[in-house]
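What follows is one structure encoded as structure tokens, with my remarks underneath.
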Amino acid sequence: MNAPNAGAACRALLRREFTLAWRRRGEMLLPLLYAVIVATLFPFALGPDNALLARISGGVLLVTVLLAMLPSLESMFRGDLEDGSLEQLLLSPQPLPLLALVRILAHWSTTALPLVVATPLLALLLRLPSNVLPVLLVALLLATPLLALLGATLSALTAGARRSAILLSLMLLPLAVPVVIFAAGAVAAAQAGLPFLAPLSWLAAALVLALALAPFACAAALRIAIEA
Amino acid sequence: MMSRSYLPHWMHLLGSPPVFYRFAGTLRPWLFWSALLLAAIGLYGGLVLAPADYQQGDAYRIIFIHVPCAWMSLFAYGCMAVAALVAMVWRVKLAEVIAMECAPVGAAFTLVTLITGSLWGKPMWGAWWTWDARLTSELVLLFLYLGVIGLDHAIEDRRRGARAASLLALVGVVNLPIVHYSVVWWNTLHQGSTVQLLGPSKIAPGMLWPLLTMALATHLYFFASVLNRTRVGLLAVEGGKEWARSIVAENAHA
């Protein structure tokens, strides 16, 4: 029996992840609902002052998307660990970092991508200036995969842990600080009419770095999680 | 038989938990008492002998606690990261325990730095907290420590928890400089307060020697504390082994 090549394994894994996500498509809506709730609470807390909302909406939307990503990241590997499919992933002859990367990309496109797609609606609610919206979307498209890569690594570390929801937020905070700074920096610069390319380039650089390194860290973390 | 003798024999010996337990036990009182003595000298020099600052008056004297603790908060992270690397690469049980015992001590130093800093900031800047680059980086450092401690304790299996937390500590090593420079960048973008804690001004020699004495004292205290904690940690990890049982039984009867 010859082992199937890596491409076939990645395709099979992608198909599995998308099928699972589609069968539980109600769950996919929960982060969206959460983001809508958080975004609608801000005007109630701060008052319906359009100028104030327009000034803070970029940062609020970034933090909202970040928070909405957390619950799904936390349980990313839990089911796989419990039903034993994680062991199968580790036993397969394909390189584990590659499989982890595919797994993270599938997770990002089923949980974070809908959030990015829904952002224009939330931006409307929070009166974000329309010329800033494209910058915010690009910043989110760079920041959310970055957070997914970092969060998946941490999620793999907490896979076998108790009460890991708060723990994951605590561990993700130091890693998320630069991401939030650069994404919000780009939005703030665009809003002030300043050049915003530099922070976006920093985000892109960080994303490339994370794409190269995070799968290896994630694979190492999965090995630790499984060797109990 | 493979003969890989690139490490001296005593290092292999020291890696064995019972040997390290006894070694740490003999070293501990020396470190602890010399730390106490040096801290007494340093504090006397700093609080009594050193001249008052021409601008800040006597309020600056908190520097003799604040600055050594700030140095130690980074030094402890470095020690933890080295031990974590050894634990990850060579799977040395002792290194896992040392890495995990560095974390609470380092977190305590970070917390003391933040508290003394805000106590100092209130009379000097008029605010307990400002989003200065250094303060923010120190706060993020505290969260990194708390993450490592939390992960270590959240996993039932002690050795697996230590290895997972070691990996997190190593991720933090990559992250820490990125956080620091991004925060500096963020602060310049926002035109925040650019308060320099020490600034380019030369520090008077009358203030320098107590500061260095305190720095030495905190280092010695750190090592004493980590050795002490490592002894307890080793007993917990090796609880099923004969040597640990006999030590616990001895102490129970005494």
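By convention here, the chains of the structure tokens are called A, B, ... in the order presented, each chain's residues are numbered starting at 1, and ligands are numbered starting at 1 in the order presented.
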Quiz prompt | DSSP helix (DSSP H, G or I) selection over segment 37-102 of chain A, as a PyMOL selection string | solution = chain A and resi 37-46+50-74+78-83+85-91+96-102
Practice problem: Can you pull out every residue within 12 Å of segment 239-243 of chain B, counting only C-alpha atoms, but drop anything in the same chain fewer than 2 positions away, and send it as a PyMOL selection string? | Solution: chain B and resi 16-19+21-22+158+231-237+245-250
Only C-alpha atoms, please: the residues just picked out, written as a short mmCIF file (atom, residue, chain, number, x, y, z; two decimals), in the first residue's frame.
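So selection-v1.cif came out as:
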data_model
loop_
_atom_site.label_atom_id
_atom_site.label_comp_id
_atom_site.auth_asym_id
_atom_site.auth_seq_id
_atom_site.Cartn_x
_atom_site.Cartn_y
_atom_site.Cartn_z
CA SER B 16 19.29 13.89 38.69
CA PRO B 17 16.45 15.04 40.98
CA PRO B 18 17.76 13.60 44.31
CA VAL B 19 21.24 15.05 43.74
CA TYR B 21 17.51 18.34 45.81
CA ARG B 22 20.48 17.99 48.17
CA ARG B 158 2.19 17.68 35.79
CA ARG B 231 12.95 21.40 45.80
CA VAL B 232 9.25 21.31 46.60
CA GLY B 233 8.34 20.89 42.93
CA LEU B 234 10.73 17.95 42.60
CA LEU B 235 9.18 16.25 45.61
CA ALA B 236 5.74 16.70 44.02
CA VAL B 237 6.79 15.36 40.62
CA ARG B 245 9.11 9.17 50.01
CA SER B 246 11.97 8.77 52.45
CA ILE B 247 12.51 12.56 52.66
CA VAL B 248 8.83 13.20 53.27
CA ALA B 249 8.67 10.42 55.86
CA GLU B 250 11.75 11.81 57.66
#
Exercise. Provide as a PyMOL selection string the residues of chain B at most 7 Å from chain A, counting only C-alpha atoms.
Key: chain B and resi 140+143-144+147+150+154-155+160+164+175+178-179+182+186
I need the residues from that last selection saved to file as a compact mmCIF listing (two decimals), in the first residue's frame (with N, CA and C atoms), if you can.
# COMPACT_ATOMS: atom_id res chain seq x y z
N VAL B 140 2.13 43.63 29.75
CA VAL B 140 2.02 42.47 28.86
C VAL B 140 2.89 41.33 29.37
N PHE B 143 1.07 39.51 31.95
CA PHE B 143 0.06 38.61 31.38
C PHE B 143 0.71 37.35 30.81
N LEU B 144 1.90 37.50 30.24
CA LEU B 144 2.62 36.33 29.74
C LEU B 144 2.92 35.36 30.88
N GLY B 147 -0.21 33.68 32.00
CA GLY B 147 -0.60 32.64 31.06
C GLY B 147 0.19 31.35 31.27
N GLY B 150 -0.98 29.80 34.53
CA GLY B 150 -2.32 29.27 34.39
C GLY B 150 -2.34 27.98 33.58
N ALA B 154 -3.54 24.30 34.74
CA ALA B 154 -4.82 23.86 34.18
C ALA B 154 -4.75 22.43 33.68
N ILE B 155 -3.53 21.93 33.42
CA ILE B 155 -3.42 20.57 32.88
C ILE B 155 -3.13 19.61 34.02
N ARG B 160 3.09 17.02 31.51
CA ARG B 160 2.51 17.53 30.26
C ARG B 160 2.20 19.02 30.40
N ALA B 164 3.74 21.96 28.05
CA ALA B 164 2.87 22.90 27.32
C ALA B 164 3.20 24.33 27.71
N ASN B 175 7.51 36.80 21.06
CA ASN B 175 6.48 37.83 21.09
C ASN B 175 6.94 39.10 21.81
N ILE B 178 8.46 41.94 19.84
CA ILE B 178 7.46 42.47 18.90
C ILE B 178 6.50 43.38 19.65
N VAL B 179 6.06 42.93 20.84
CA VAL B 179 5.16 43.75 21.64
C VAL B 179 5.85 45.07 21.99
N SER B 182 6.16 47.34 18.92
CA SER B 182 4.85 47.81 18.42
C SER B 182 4.25 48.83 19.39
N TRP B 186 3.21 52.54 18.56
CA TRP B 186 1.84 52.95 18.85
C TRP B 186 1.86 54.25 19.64
Quiz item: Got a sec: who's within 10 Å of segment 46-56 of chain B, counting only C-alpha atoms, leaving out chain neighbours fewer than 3 positions off, as a list in words?
Solution: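 The filter keeps Ala40, Ile41, Gly42, Leu43, Ala59, Tyr60, Arg61, Ile62, Ile63, Phe64, Ile65, Pro123, Met124, Ile203, Ala204, Pro205, Gly206, Met207, Leu208, Trp209, Pro210, Leu211, Thr213 and Met214 of chain B.
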Selection file, C-alpha atoms, as an mmCIF file, in the first residue's frame:
data_model
loop_
_atom_site.group_PDB
_atom_site.id
_atom_site.type_symbol
_atom_site.label_atom_id
_atom_site.label_comp_id
_atom_site.auth_asym_id
_atom_site.auth_seq_id
_atom_site.Cartn_x
_atom_site.Cartn_y
_atom_site.Cartn_z
ATOM 1 C CA ALA B 40 19.906 45.566 54.215
ATOM 2 C CA ILE B 41 23.115 47.308 53.113
ATOM 3 C CA GLY B 42 21.567 48.464 49.842
ATOM 4 C CA LEU B 43 18.419 49.792 51.469
ATOM 5 C CA ALA B 59 10.284 60.489 46.248
ATOM 6 C CA TYR B 60 12.884 59.075 43.882
ATOM 7 C CA ARG B 61 14.098 56.647 46.567
ATOM 8 C CA ILE B 62 11.564 54.066 45.437
ATOM 9 C CA ILE B 63 14.013 53.534 42.570
ATOM 10 C CA PHE B 64 16.018 51.208 44.842
ATOM 11 C CA ILE B 65 13.104 48.766 44.829
ATOM 12 C CA PRO B 123 3.561 62.178 42.758
ATOM 13 C CA MET B 124 5.812 62.544 39.687
ATOM 14 C CA ILE B 203 23.075 59.045 37.966
ATOM 15 C CA ALA B 204 25.126 60.211 40.941
ATOM 16 C CA PRO B 205 27.632 57.653 42.306
ATOM 17 C CA GLY B 206 26.050 58.018 45.740
ATOM 18 C CA MET B 207 22.869 56.639 44.233
ATOM 19 C CA LEU B 208 24.514 54.091 41.980
ATOM 20 C CA TRP B 209 26.179 51.812 44.515
ATOM 21 C CA PRO B 210 23.017 51.147 46.566
ATOM 22 C CA LEU B 211 21.169 50.450 43.317
ATOM 23 C CA THR B 213 23.812 46.324 45.662
ATOM 24 C CA MET B 214 20.045 45.959 45.547
#
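Residues in contact range of Val208 of chain A, defined as at most 12 Å between only C-alpha atoms, with sequence neighbours fewer than 5 positions away removed, read Leu142, Ala143, Pro145, Leu146, Leu149, Ser201, Trp202, Leu203, Leu213, Ala214 and Pro215 of chain A.
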Next, the residues of the selection above should be written as a PDB file, in the first residue's frame with N, CA and C atoms.
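Everything below was put into again31.pdb:
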ATOM      1  N   LEU A 142      -6.171  40.738   7.017  1.00  0.00           N
ATOM      2  CA  LEU A 142      -4.805  40.383   7.413  1.00  0.00           C
ATOM      3  C   LEU A 142      -4.755  39.954   8.876  1.00  0.00           C
ATOM      4  N   ALA A 143      -5.567  40.601   9.718  1.00  0.00           N
ATOM      5  CA  ALA A 143      -5.460  40.366  11.162  1.00  0.00           C
ATOM      6  C   ALA A 143      -6.141  39.073  11.590  1.00  0.00           C
ATOM      7  N   PRO A 145      -6.639  36.042   9.961  1.00  0.00           N
ATOM      8  CA  PRO A 145      -5.860  34.810   9.835  1.00  0.00           C
ATOM      9  C   PRO A 145      -4.671  34.767  10.791  1.00  0.00           C
ATOM     10  N   LEU A 146      -4.096  35.949  11.053  1.00  0.00           N
ATOM     11  CA  LEU A 146      -2.983  36.012  11.996  1.00  0.00           C
ATOM     12  C   LEU A 146      -3.438  35.562  13.382  1.00  0.00           C
ATOM     13  N   LEU A 149      -4.071  31.822  13.412  1.00  0.00           N
ATOM     14  CA  LEU A 149      -2.837  31.036  13.509  1.00  0.00           C
ATOM     15  C   LEU A 149      -2.316  31.024  14.942  1.00  0.00           C
ATOM     16  N   SER A 201       1.375  46.986   5.983  1.00  0.00           N
ATOM     17  CA  SER A 201       2.531  46.176   5.572  1.00  0.00           C
ATOM     18  C   SER A 201       3.096  45.415   6.767  1.00  0.00           C
ATOM     19  N   TRP A 202       3.114  46.069   7.931  1.00  0.00           N
ATOM     20  CA  TRP A 202       3.575  45.372   9.140  1.00  0.00           C
ATOM     21  C   TRP A 202       2.685  44.175   9.443  1.00  0.00           C
ATOM     22  N   LEU A 203       1.369  44.380   9.306  1.00  0.00           N
ATOM     23  CA  LEU A 203       0.438  43.272   9.537  1.00  0.00           C
ATOM     24  C   LEU A 203       0.705  42.138   8.569  1.00  0.00           C
ATOM     25  N   LEU A 213       5.801  30.057  10.788  1.00  0.00           N
ATOM     26  CA  LEU A 213       6.232  29.511  12.079  1.00  0.00           C
ATOM     27  C   LEU A 213       5.110  28.831  12.856  1.00  0.00           C
ATOM     28  N   ALA A 214       3.887  29.429  12.818  1.00  0.00           N
ATOM     29  CA  ALA A 214       2.823  28.941  13.699  1.00  0.00           C
ATOM     30  C   ALA A 214       2.454  27.471  13.448  1.00  0.00           C
ATOM     31  N   PRO A 215       2.435  26.978  12.179  1.00  0.00           N
ATOM     32  CA  PRO A 215       2.096  25.564  12.014  1.00  0.00           C
ATOM     33  C   PRO A 215       3.048  24.628  12.751  1.00  0.00           C
TER      34      PRO A 215
END
Quiz item: Counting only C-alpha atoms, what is within 12 Å of Leu89 of chain A, bar same-chain residues fewer than 3 positions away, as a VMD selection string?
Solution: chain A and resid 9 to 10 12 to 13 77 80 to 81 83 to 86 92 to 100 102 to 103 219 222 to 223 226
Quiz item: For the atom pair atom CA of Leu146 of chain B and atom CA of Leu212 of chain B, what is the interatomic distance in Å to one decimal place?
Solution: 28.2 Å
Quiz item: How many Å lie between atom CA of Leu151 of chain B and atom CA of Leu67 of chain A, rounded to one decimal?
Solution: 20.2 Å
Quiz item: Restricting the calculation to only C-alpha atoms, which member of B:Ala244, B:Val174, B:Leu227, B:Ala162 is positioned closest to Lys93 of chain B?
Solution: B:Ala162
Quiz item: Near Leu27 of chain B, within 10 Å and counting only C-alpha atoms, which residues show up once chain neighbours fewer than 6 positions away are dropped, as a PyMOL selection string?
Solution: chain B and resi 223-224+227-228
Let me see the file: selected residues, N, CA and C atoms, as a PDB file, in the first residue's frame.
ATOM      1  N   PHE B 223      17.497  33.454  42.975  1.00  0.00           N
ATOM      2  CA  PHE B 223      18.039  32.089  42.897  1.00  0.00           C
ATOM      3  C   PHE B 223      17.646  31.279  44.127  1.00  0.00           C
ATOM      4  N   ALA B 224      17.717  31.921  45.310  1.00  0.00           N
ATOM      5  CA  ALA B 224      17.334  31.204  46.532  1.00  0.00           C
ATOM      6  C   ALA B 224      15.884  30.753  46.443  1.00  0.00           C
ATOM      7  N   LEU B 227      15.414  27.949  43.810  1.00  0.00           N
ATOM      8  CA  LEU B 227      15.940  26.666  44.300  1.00  0.00           C
ATOM      9  C   LEU B 227      14.990  26.063  45.328  1.00  0.00           C
ATOM     10  N   ASN B 228      14.498  26.922  46.214  1.00  0.00           N
ATOM     11  CA  ASN B 228      13.585  26.454  47.245  1.00  0.00           C
ATOM     12  C   ASN B 228      12.322  25.866  46.629  1.00  0.00           C
TER      13      ASN B 228
END
Self-check item: Point-to-point distance from atom CA of Val132 of chain A to atom CA of Val36 of chain A, Å rounded to tenths
Solution: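 A separation of 19.6 Å between them.
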Quiz item: Contacts of segment 114-121 of chain B at 7 Å or less, counting only C-alpha atoms, minus same-chain residues fewer than 5 places along, as JSON, numbers by chain?
Solution: {"B": [62, 66, 126, 127, 128, 129]}
